[in-house]
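Peer 1: To start, I am sharing the structure in question, which I have written as structure tokens.
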Amino acid sequence: MPCESNIQDYFRLVWSCMRRYRPIMRYRNIEEEDMFQVGCMGLLRAVRHFEECRGLSFSTYAVPTIRGYMIRYIRDTQPIHYSRSVRELASKLIRDHLTDESPERIADIMGCTVALAINALSMIDVKFTSEQDVWSEDDDTQLHVDAFIDDLPRIQSQIIKLRLRGVSQSDISHRLGLSQPTVSRALQKIGKQYISIMKGAAAI
């Protein structure tokens with residue numbers, strides 16, 4: 001059972017979460033130690049409010065919390081003005097479902113620089129969290145939608161991202177090569193899991 005006395009046993013979750021943001025951190029000159037401390041704040045929040053009886057593993061509960069803290073740190077401490085080329089690339093990445101690819105892979109596919117790919121991914125992260133953020137100014141204990149989705153298995157993540165863009169279940173099933181009942185069950189499962197996590201956060 002996680003507790004403050006053994007929190008160091010879970011530092012690996014913080015380092016794991018940091019991997020996604022390392023390209024952005026390098027480009028924006030964010031120190032790893034600073035991001036690690038921010039992640040540890042999220043880890044501590046998760047440790048203090050995790051309830052095993054809700055049927056979730058600790059990592060399932062903690063990872064969205066940690067990533068939420070990291071994303072909010074990037075957003076709040078790094079005000080960014082994006083050029084037209086960055087905005088256009090970000091739109092293409094969303095359209096072509098390339099947002100989960102690495103900056104290097106995107107640069108190869110799109111024929112752009114790695115720096116441009118990093119900026120586009122950064123814009124997507126910040127834009128999505130601004131639109132879908134469930135944090136409030138007075139209550140920073142709620143989980144972050146983007147981090148929650150990012151922690152889902154790949155297929156579930158693709159399904160919910162498409163659904164949030166307004167794609168119908170039948171179109172989702174066609175695009176991903178799944179049956180419509182499979183898509184429907186996946187959405188129900190995702191919804192139940194998110195509600196369970198949010199109930200835990202709301203009780204804080």
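Labels for the structure tokens follow display order: chains A, B, ..., residues from 1 in each chain, ligands from 1.
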Leaving out segment 12-15 of chain A and any residue of its chain fewer than 5 positions from it, which residues lie within 10 Å of it when counting only C-alpha atoms, given as a list of chain:residue names?

Peer 2: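 Listing them by chain and then by number gives A:Arg20, A:Glu32, A:Met35, A:Phe36, A:Gln37, A:Val38, A:Gly39, A:Cys40, A:Met41, A:Gly42, A:Leu43, A:Ser59, A:Ala62, A:Val63, A:Ile66, A:Arg67, A:Met70.
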
Peer 1: Produce a file of the selected residues containing all heavy atoms, as a tab-separated table (two decimals), in the first residue's frame.

Peer 2:
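Saved to part.tsv:
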```tsv
chain	number	residue	atom	x	y	z
A	20	ARG	N	7.71	11.36	-21.82
A	20	ARG	CA	6.89	11.96	-22.88
A	20	ARG	C	7.26	13.42	-23.12
A	20	ARG	O	7.17	13.92	-24.25
A	20	ARG	CB	5.41	11.85	-22.52
A	20	ARG	CG	4.48	12.59	-23.48
A	20	ARG	CD	3.03	12.40	-23.12
A	20	ARG	NE	2.17	13.22	-23.96
A	20	ARG	CZ	1.72	12.88	-25.16
A	20	ARG	NH1	2.06	11.71	-25.67
A	20	ARG	NH2	0.94	13.67	-25.85
A	32	GLU	N	15.45	19.02	-15.84
A	32	GLU	CA	14.85	17.74	-15.42
A	32	GLU	C	14.54	17.75	-13.93
A	32	GLU	O	13.52	17.21	-13.50
A	32	GLU	CB	15.79	16.58	-15.75
A	32	GLU	CG	15.75	16.15	-17.20
A	32	GLU	CD	16.24	14.74	-17.41
A	32	GLU	OE1	16.65	14.09	-16.42
A	32	GLU	OE2	16.20	14.26	-18.55
A	35	MET	N	11.28	19.52	-13.31
A	35	MET	CA	10.12	18.72	-13.71
A	35	MET	C	9.94	17.53	-12.78
A	35	MET	O	8.80	17.15	-12.48
A	35	MET	CB	10.28	18.26	-15.16
A	35	MET	CG	9.06	17.54	-15.70
A	35	MET	SD	7.59	18.61	-15.81
A	35	MET	CE	7.85	19.35	-17.42
A	36	PHE	N	11.04	16.95	-12.33
A	36	PHE	CA	10.94	15.82	-11.40
A	36	PHE	C	10.26	16.27	-10.10
A	36	PHE	O	9.40	15.55	-9.57
A	36	PHE	CB	12.33	15.26	-11.09
A	36	PHE	CG	12.32	14.11	-10.12
A	36	PHE	CD1	11.89	12.85	-10.53
A	36	PHE	CD2	12.72	14.29	-8.81
A	36	PHE	CE1	11.87	11.79	-9.62
A	36	PHE	CE2	12.70	13.23	-7.91
A	36	PHE	CZ	12.27	11.98	-8.32
A	37	GLN	N	10.62	17.44	-9.59
A	37	GLN	CA	10.01	17.94	-8.37
A	37	GLN	C	8.51	18.18	-8.57
A	37	GLN	O	7.70	17.87	-7.69
A	37	GLN	CB	10.69	19.24	-7.92
A	37	GLN	CG	12.12	19.07	-7.46
A	37	GLN	CD	12.24	18.16	-6.25
A	37	GLN	OE1	11.36	18.13	-5.39
A	37	GLN	NE2	13.33	17.41	-6.17
A	38	VAL	N	8.15	18.71	-9.73
A	38	VAL	CA	6.73	18.91	-10.04
A	38	VAL	C	6.01	17.57	-10.08
A	38	VAL	O	4.91	17.42	-9.53
A	38	VAL	CB	6.57	19.65	-11.38
A	38	VAL	CG1	5.11	19.66	-11.82
A	38	VAL	CG2	7.08	21.08	-11.27
A	39	GLY	N	6.63	16.58	-10.75
A	39	GLY	CA	6.04	15.26	-10.80
A	39	GLY	C	5.88	14.64	-9.42
A	39	GLY	O	4.89	13.96	-9.14
A	40	CYS	N	6.85	14.88	-8.54
A	40	CYS	CA	6.78	14.34	-7.18
A	40	CYS	C	5.63	14.97	-6.40
A	40	CYS	O	5.03	14.32	-5.53
A	40	CYS	CB	8.10	14.57	-6.45
A	40	CYS	SG	9.42	13.44	-6.97
A	41	MET	N	5.31	16.23	-6.71
A	41	MET	CA	4.15	16.85	-6.08
A	41	MET	C	2.88	16.12	-6.48
A	41	MET	O	1.99	15.87	-5.65
A	41	MET	CB	4.07	18.33	-6.49
A	41	MET	CG	5.16	19.20	-5.92
A	41	MET	SD	5.18	20.87	-6.65
A	41	MET	CE	3.53	21.44	-6.25
A	42	GLY	N	2.79	15.76	-7.77
A	42	GLY	CA	1.64	14.98	-8.22
A	42	GLY	C	1.61	13.60	-7.59
A	42	GLY	O	0.55	13.09	-7.22
A	43	LEU	N	2.79	12.98	-7.46
A	43	LEU	CA	2.88	11.67	-6.83
A	43	LEU	C	2.43	11.73	-5.38
A	43	LEU	O	1.68	10.86	-4.91
A	43	LEU	CB	4.33	11.16	-6.91
A	43	LEU	CG	4.62	9.82	-6.21
A	43	LEU	CD1	3.81	8.68	-6.83
A	43	LEU	CD2	6.12	9.52	-6.27
A	59	SER	N	-0.83	2.78	-9.83
A	59	SER	CA	-0.25	3.43	-11.01
A	59	SER	C	-1.33	4.02	-11.90
A	59	SER	O	-1.16	5.10	-12.49
A	59	SER	CB	0.61	2.44	-11.80
A	59	SER	OG	-0.15	1.35	-12.26
A	62	ALA	N	-2.23	7.17	-10.13
A	62	ALA	CA	-1.16	8.14	-9.95
A	62	ALA	C	-0.68	8.77	-11.25
A	62	ALA	O	-0.39	9.97	-11.28
A	62	ALA	CB	0.02	7.48	-9.23
A	63	VAL	N	-0.56	7.98	-12.31
A	63	VAL	CA	0.04	8.49	-13.55
A	63	VAL	C	-0.72	9.70	-14.11
A	63	VAL	O	-0.09	10.71	-14.47
A	63	VAL	CB	0.16	7.36	-14.60
A	63	VAL	CG1	0.47	7.94	-15.97
A	63	VAL	CG2	1.26	6.39	-14.19
A	66	ILE	N	0.20	12.71	-11.91
A	66	ILE	CA	1.57	13.18	-12.13
A	66	ILE	C	1.66	13.94	-13.45
A	66	ILE	O	2.21	15.05	-13.52
A	66	ILE	CB	2.54	11.99	-12.13
A	66	ILE	CG1	2.58	11.33	-10.75
A	66	ILE	CG2	3.94	12.45	-12.54
A	66	ILE	CD1	3.28	9.98	-10.74
A	67	ARG	N	1.11	13.36	-14.51
A	67	ARG	CA	1.19	14.02	-15.82
A	67	ARG	C	0.41	15.32	-15.83
A	67	ARG	O	0.80	16.29	-16.50
A	67	ARG	CB	0.67	13.07	-16.90
A	67	ARG	CG	1.65	11.95	-17.22
A	67	ARG	CD	1.11	11.04	-18.29
A	67	ARG	NE	2.11	10.07	-18.70
A	67	ARG	CZ	1.85	9.03	-19.48
A	67	ARG	NH1	0.64	8.83	-19.94
A	67	ARG	NH2	2.81	8.18	-19.80
A	70	MET	N	2.61	17.94	-14.46
A	70	MET	CA	3.67	18.28	-15.41
A	70	MET	C	3.15	19.16	-16.53
A	70	MET	O	3.76	20.16	-16.91
A	70	MET	CB	4.30	17.01	-15.98
A	70	MET	CG	5.12	16.22	-14.98
A	70	MET	SD	5.80	14.71	-15.70
A	70	MET	CE	6.81	14.11	-14.34
```

Peer 1: Neighbours of Asp108 of chain A within 12 Å (only C-alpha atoms; same-chain residues fewer than 6 positions away dropped), as a ChimeraX atom specification?

Peer 2: /A:98,101-102,114,116-117

Peer 1: So how far away is atom CA of Ile94 of chain A from atom CA of Arg22 of chain A, in Å?

Peer 2: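 So the answer is 20.5 Å.
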
Peer 1: Find the residue from A:Gln158, A:Gln169, A:Ser184, A:Asn119 that sits nearest to Arg26 of chain A; use only C-alpha atoms when measuring.

Peer 2: A:Asn119

Peer 1: List the spatial neighbours of segment 84-91 of chain A as a PyMOL selection string - criterion: any atom at most 10 Å away, only C-alpha atoms, same-chain residues fewer than 6 positions off excluded.

Peer 2: chain A and resi 97-99+106+110+112+115-125

Peer 1: Put those residues in a file: N, CA, C and O atoms, as a compact mmCIF listing (two decimals), in the first residue's frame.

Peer 2:
```txt
# COMPACT_ATOMS: atom_id res chain seq x y z
N HIS A 97 -3.62 11.67 -37.32
CA HIS A 97 -3.48 10.81 -36.14
C HIS A 97 -2.02 10.46 -35.86
O HIS A 97 -1.66 9.30 -35.62
N LEU A 98 -1.18 11.48 -35.88
CA LEU A 98 0.25 11.29 -35.64
C LEU A 98 0.71 11.88 -34.31
O LEU A 98 1.91 11.97 -34.05
N THR A 99 -0.23 12.23 -33.46
CA THR A 99 0.14 12.94 -32.23
C THR A 99 0.87 12.05 -31.22
O THR A 99 1.47 12.57 -30.28
N ILE A 106 8.01 12.14 -36.63
CA ILE A 106 7.18 13.13 -37.30
C ILE A 106 8.01 13.91 -38.33
O ILE A 106 7.56 14.18 -39.44
N MET A 110 6.78 14.02 -42.11
CA MET A 110 6.27 15.29 -42.62
C MET A 110 7.32 16.11 -43.37
O MET A 110 7.00 17.14 -43.95
N CYS A 112 9.85 17.81 -42.03
CA CYS A 112 10.10 19.06 -41.32
C CYS A 112 11.27 18.85 -40.35
O CYS A 112 11.81 17.76 -40.24
N ALA A 115 12.78 20.32 -34.45
CA ALA A 115 12.35 21.45 -33.61
C ALA A 115 10.92 21.85 -33.92
O ALA A 115 10.12 22.13 -33.01
N LEU A 116 10.56 21.88 -35.22
CA LEU A 116 9.19 22.23 -35.60
C LEU A 116 8.22 21.17 -35.09
O LEU A 116 7.12 21.50 -34.60
N ALA A 117 8.61 19.91 -35.17
CA ALA A 117 7.75 18.82 -34.68
C ALA A 117 7.54 18.94 -33.17
O ALA A 117 6.42 18.74 -32.67
N ILE A 118 8.60 19.28 -32.44
CA ILE A 118 8.49 19.45 -30.99
C ILE A 118 7.53 20.58 -30.66
O ILE A 118 6.68 20.46 -29.77
N ASN A 119 7.65 21.70 -31.37
CA ASN A 119 6.75 22.83 -31.13
C ASN A 119 5.30 22.47 -31.42
O ASN A 119 4.39 22.87 -30.69
N ALA A 120 5.08 21.72 -32.49
CA ALA A 120 3.71 21.32 -32.85
C ALA A 120 3.11 20.41 -31.79
O ALA A 120 1.95 20.57 -31.40
N LEU A 121 3.91 19.45 -31.31
CA LEU A 121 3.42 18.56 -30.26
C LEU A 121 3.16 19.34 -28.98
O LEU A 121 2.18 19.07 -28.26
N SER A 122 4.00 20.30 -28.69
CA SER A 122 3.80 21.14 -27.51
C SER A 122 2.50 21.91 -27.63
O SER A 122 1.72 22.01 -26.67
N MET A 123 2.24 22.47 -28.81
CA MET A 123 1.00 23.22 -29.02
C MET A 123 -0.22 22.32 -28.83
O MET A 123 -1.22 22.73 -28.22
N ILE A 124 -0.14 21.10 -29.35
CA ILE A 124 -1.27 20.17 -29.22
C ILE A 124 -1.53 19.85 -27.77
O ILE A 124 -2.68 19.86 -27.30
N ASP A 125 -0.46 19.58 -27.02
CA ASP A 125 -0.61 19.29 -25.59
C ASP A 125 -1.27 20.46 -24.86
O ASP A 125 -2.23 20.29 -24.12
```

Peer 1: Would you please work out which residue, of A:Ile109, A:Gly177, A:Ile159, A:Asp150, is nearest to Thr60 of chain A when using only C-alpha atoms?

Peer 2: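 That would be A:Asp150, the residue with the smallest distance to Thr60 of chain A.
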
Peer 1: Which one of A:Lys192, A:Asn6, A:Asp34, A:Ser57 sits closest to Met18 of chain A if you count only C-alpha atoms?

Peer 2: A:Asp34

Peer 1: Between A:Val167, A:Ser157, A:Ile74, A:Leu93, which has the minimum distance to Arg28 of chain A (counting only C-alpha atoms)?

Peer 2: A:Ile74

Peer 1: Would you compute the distance between atom CA of Val47 of chain A and atom CA of Ile7 of chain A? Give it in Å to one decimal.

Peer 2: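 According to the coordinates, atom CA of Val47 of chain A and atom CA of Ile7 of chain A are separated by 7.5 Å.
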
Peer 1: Atom CA of Pro103 of chain A and atom CA of Ser168 of chain A are how many Å apart?

Peer 2: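 Result for atom CA of Pro103 of chain A versus atom CA of Ser168 of chain A: 29.5 Å, one decimal.
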
Peer 1: What are the DSSP alpha helix (DSSP H) residues of segment 150-191 of chain A, as JSON, numbers by chain?

Peer 2: {"A": [150, 154, 155, 156, 157, 158, 159, 160, 161, 162, 163, 164, 169, 170, 171, 172, 173, 174, 175, 176, 180, 181, 182, 183, 184, 185, 186, 187, 188, 189, 190, 191]}

Peer 1: Restrict the selected residues to N, CA, C and O atoms and save them as a tab-separated table (two decimals), in the first residue's frame.

Peer 2:
```
chain	number	residue	atom	x	y	z
A	150	ASP	N	-4.09	9.78	-22.15
A	150	ASP	CA	-2.75	9.35	-22.57
A	150	ASP	C	-2.32	8.07	-21.87
A	150	ASP	O	-1.50	7.31	-22.39
A	154	ARG	N	-3.43	1.82	-26.05
A	154	ARG	CA	-3.40	2.55	-27.31
A	154	ARG	C	-4.75	2.56	-28.03
A	154	ARG	O	-5.22	3.61	-28.48
A	155	ILE	N	-5.39	1.41	-28.14
A	155	ILE	CA	-6.67	1.35	-28.86
A	155	ILE	C	-7.73	2.18	-28.16
A	155	ILE	O	-8.47	2.95	-28.80
A	156	GLN	N	-7.82	2.04	-26.83
A	156	GLN	CA	-8.80	2.83	-26.08
A	156	GLN	C	-8.52	4.32	-26.23
A	156	GLN	O	-9.46	5.13	-26.35
A	157	SER	N	-7.24	4.69	-26.21
A	157	SER	CA	-6.88	6.09	-26.39
A	157	SER	C	-7.32	6.61	-27.75
A	157	SER	O	-7.87	7.71	-27.87
A	158	GLN	N	-7.12	5.81	-28.79
A	158	GLN	CA	-7.54	6.21	-30.13
A	158	GLN	C	-9.05	6.35	-30.20
A	158	GLN	O	-9.57	7.30	-30.82
A	159	ILE	N	-9.76	5.42	-29.59
A	159	ILE	CA	-11.22	5.46	-29.62
A	159	ILE	C	-11.75	6.73	-28.97
A	159	ILE	O	-12.59	7.45	-29.54
A	160	ILE	N	-11.27	7.04	-27.76
A	160	ILE	CA	-11.83	8.19	-27.04
A	160	ILE	C	-11.40	9.51	-27.68
A	160	ILE	O	-12.17	10.48	-27.70
A	161	LYS	N	-10.19	9.56	-28.26
A	161	LYS	CA	-9.77	10.79	-28.94
A	161	LYS	C	-10.66	11.07	-30.15
A	161	LYS	O	-11.07	12.21	-30.39
A	162	LEU	N	-10.98	10.01	-30.90
A	162	LEU	CA	-11.86	10.19	-32.05
A	162	LEU	C	-13.26	10.60	-31.60
A	162	LEU	O	-13.90	11.46	-32.21
A	163	ARG	N	-13.73	9.98	-30.53
A	163	ARG	CA	-15.09	10.29	-30.03
A	163	ARG	C	-15.16	11.74	-29.57
A	163	ARG	O	-16.17	12.42	-29.80
A	164	LEU	N	-14.11	12.23	-28.91
A	164	LEU	CA	-14.09	13.60	-28.43
A	164	LEU	C	-14.06	14.61	-29.58
A	164	LEU	O	-14.43	15.76	-29.41
A	169	GLN	N	-19.61	6.42	-33.47
A	169	GLN	CA	-19.10	5.10	-33.13
A	169	GLN	C	-18.94	4.23	-34.37
A	169	GLN	O	-17.98	3.46	-34.48
A	170	SER	N	-19.85	4.36	-35.32
A	170	SER	CA	-19.75	3.55	-36.54
A	170	SER	C	-18.52	3.95	-37.36
A	170	SER	O	-17.81	3.09	-37.91
A	171	ASP	N	-18.24	5.26	-37.42
A	171	ASP	CA	-17.06	5.72	-38.14
A	171	ASP	C	-15.77	5.30	-37.43
A	171	ASP	O	-14.77	4.97	-38.06
A	172	ILE	N	-15.81	5.33	-36.10
A	172	ILE	CA	-14.65	4.89	-35.32
A	172	ILE	C	-14.36	3.42	-35.60
A	172	ILE	O	-13.21	3.03	-35.82
A	173	SER	N	-15.41	2.62	-35.58
A	173	SER	CA	-15.23	1.19	-35.82
A	173	SER	C	-14.66	0.95	-37.22
A	173	SER	O	-13.80	0.07	-37.41
A	174	HIS	N	-15.10	1.75	-38.19
A	174	HIS	CA	-14.61	1.60	-39.56
A	174	HIS	C	-13.14	2.01	-39.66
A	174	HIS	O	-12.33	1.30	-40.28
A	175	ARG	N	-12.79	3.12	-39.03
A	175	ARG	CA	-11.42	3.63	-39.11
A	175	ARG	C	-10.43	2.68	-38.43
A	175	ARG	O	-9.31	2.50	-38.92
A	176	LEU	N	-10.83	2.10	-37.31
A	176	LEU	CA	-9.90	1.29	-36.52
A	176	LEU	C	-10.03	-0.21	-36.80
A	176	LEU	O	-9.29	-1.01	-36.21
A	180	GLN	N	-18.65	-2.31	-34.07
A	180	GLN	CA	-19.27	-1.22	-33.33
A	180	GLN	C	-19.55	-1.60	-31.88
A	180	GLN	O	-19.36	-0.77	-30.98
A	181	PRO	N	-19.99	-2.85	-31.59
A	181	PRO	CA	-20.17	-3.23	-30.18
A	181	PRO	C	-18.87	-3.14	-29.38
A	181	PRO	O	-18.88	-2.77	-28.21
A	182	THR	N	-17.74	-3.45	-30.02
A	182	THR	CA	-16.45	-3.35	-29.34
A	182	THR	C	-16.14	-1.91	-28.98
A	182	THR	O	-15.68	-1.60	-27.87
A	183	VAL	N	-16.41	-1.01	-29.92
A	183	VAL	CA	-16.20	0.41	-29.67
A	183	VAL	C	-17.11	0.90	-28.55
A	183	VAL	O	-16.68	1.63	-27.65
A	184	SER	N	-18.36	0.47	-28.58
A	184	SER	CA	-19.32	0.88	-27.57
A	184	SER	C	-18.90	0.41	-26.18
A	184	SER	O	-18.94	1.16	-25.20
A	185	ARG	N	-18.48	-0.86	-26.10
A	185	ARG	CA	-18.04	-1.39	-24.80
A	185	ARG	C	-16.79	-0.67	-24.30
A	185	ARG	O	-16.67	-0.39	-23.10
A	186	ALA	N	-15.88	-0.34	-25.22
A	186	ALA	CA	-14.66	0.36	-24.82
A	186	ALA	C	-15.00	1.74	-24.26
A	186	ALA	O	-14.44	2.16	-23.24
A	187	LEU	N	-15.92	2.46	-24.90
A	187	LEU	CA	-16.31	3.78	-24.42
A	187	LEU	C	-16.98	3.70	-23.06
A	187	LEU	O	-16.74	4.55	-22.18
A	188	GLN	N	-17.80	2.68	-22.85
A	188	GLN	CA	-18.44	2.50	-21.55
A	188	GLN	C	-17.40	2.22	-20.47
A	188	GLN	O	-17.47	2.77	-19.36
A	189	LYS	N	-16.42	1.39	-20.79
A	189	LYS	CA	-15.37	1.05	-19.83
A	189	LYS	C	-14.53	2.28	-19.48
A	189	LYS	O	-14.23	2.53	-18.31
A	190	ILE	N	-14.19	3.06	-20.51
A	190	ILE	CA	-13.40	4.27	-20.28
A	190	ILE	C	-14.20	5.24	-19.40
A	190	ILE	O	-13.66	5.84	-18.46
A	191	GLY	N	-15.48	5.40	-19.70
A	191	GLY	CA	-16.31	6.31	-18.92
A	191	GLY	C	-16.41	5.91	-17.46
A	191	GLY	O	-16.29	6.74	-16.56
```
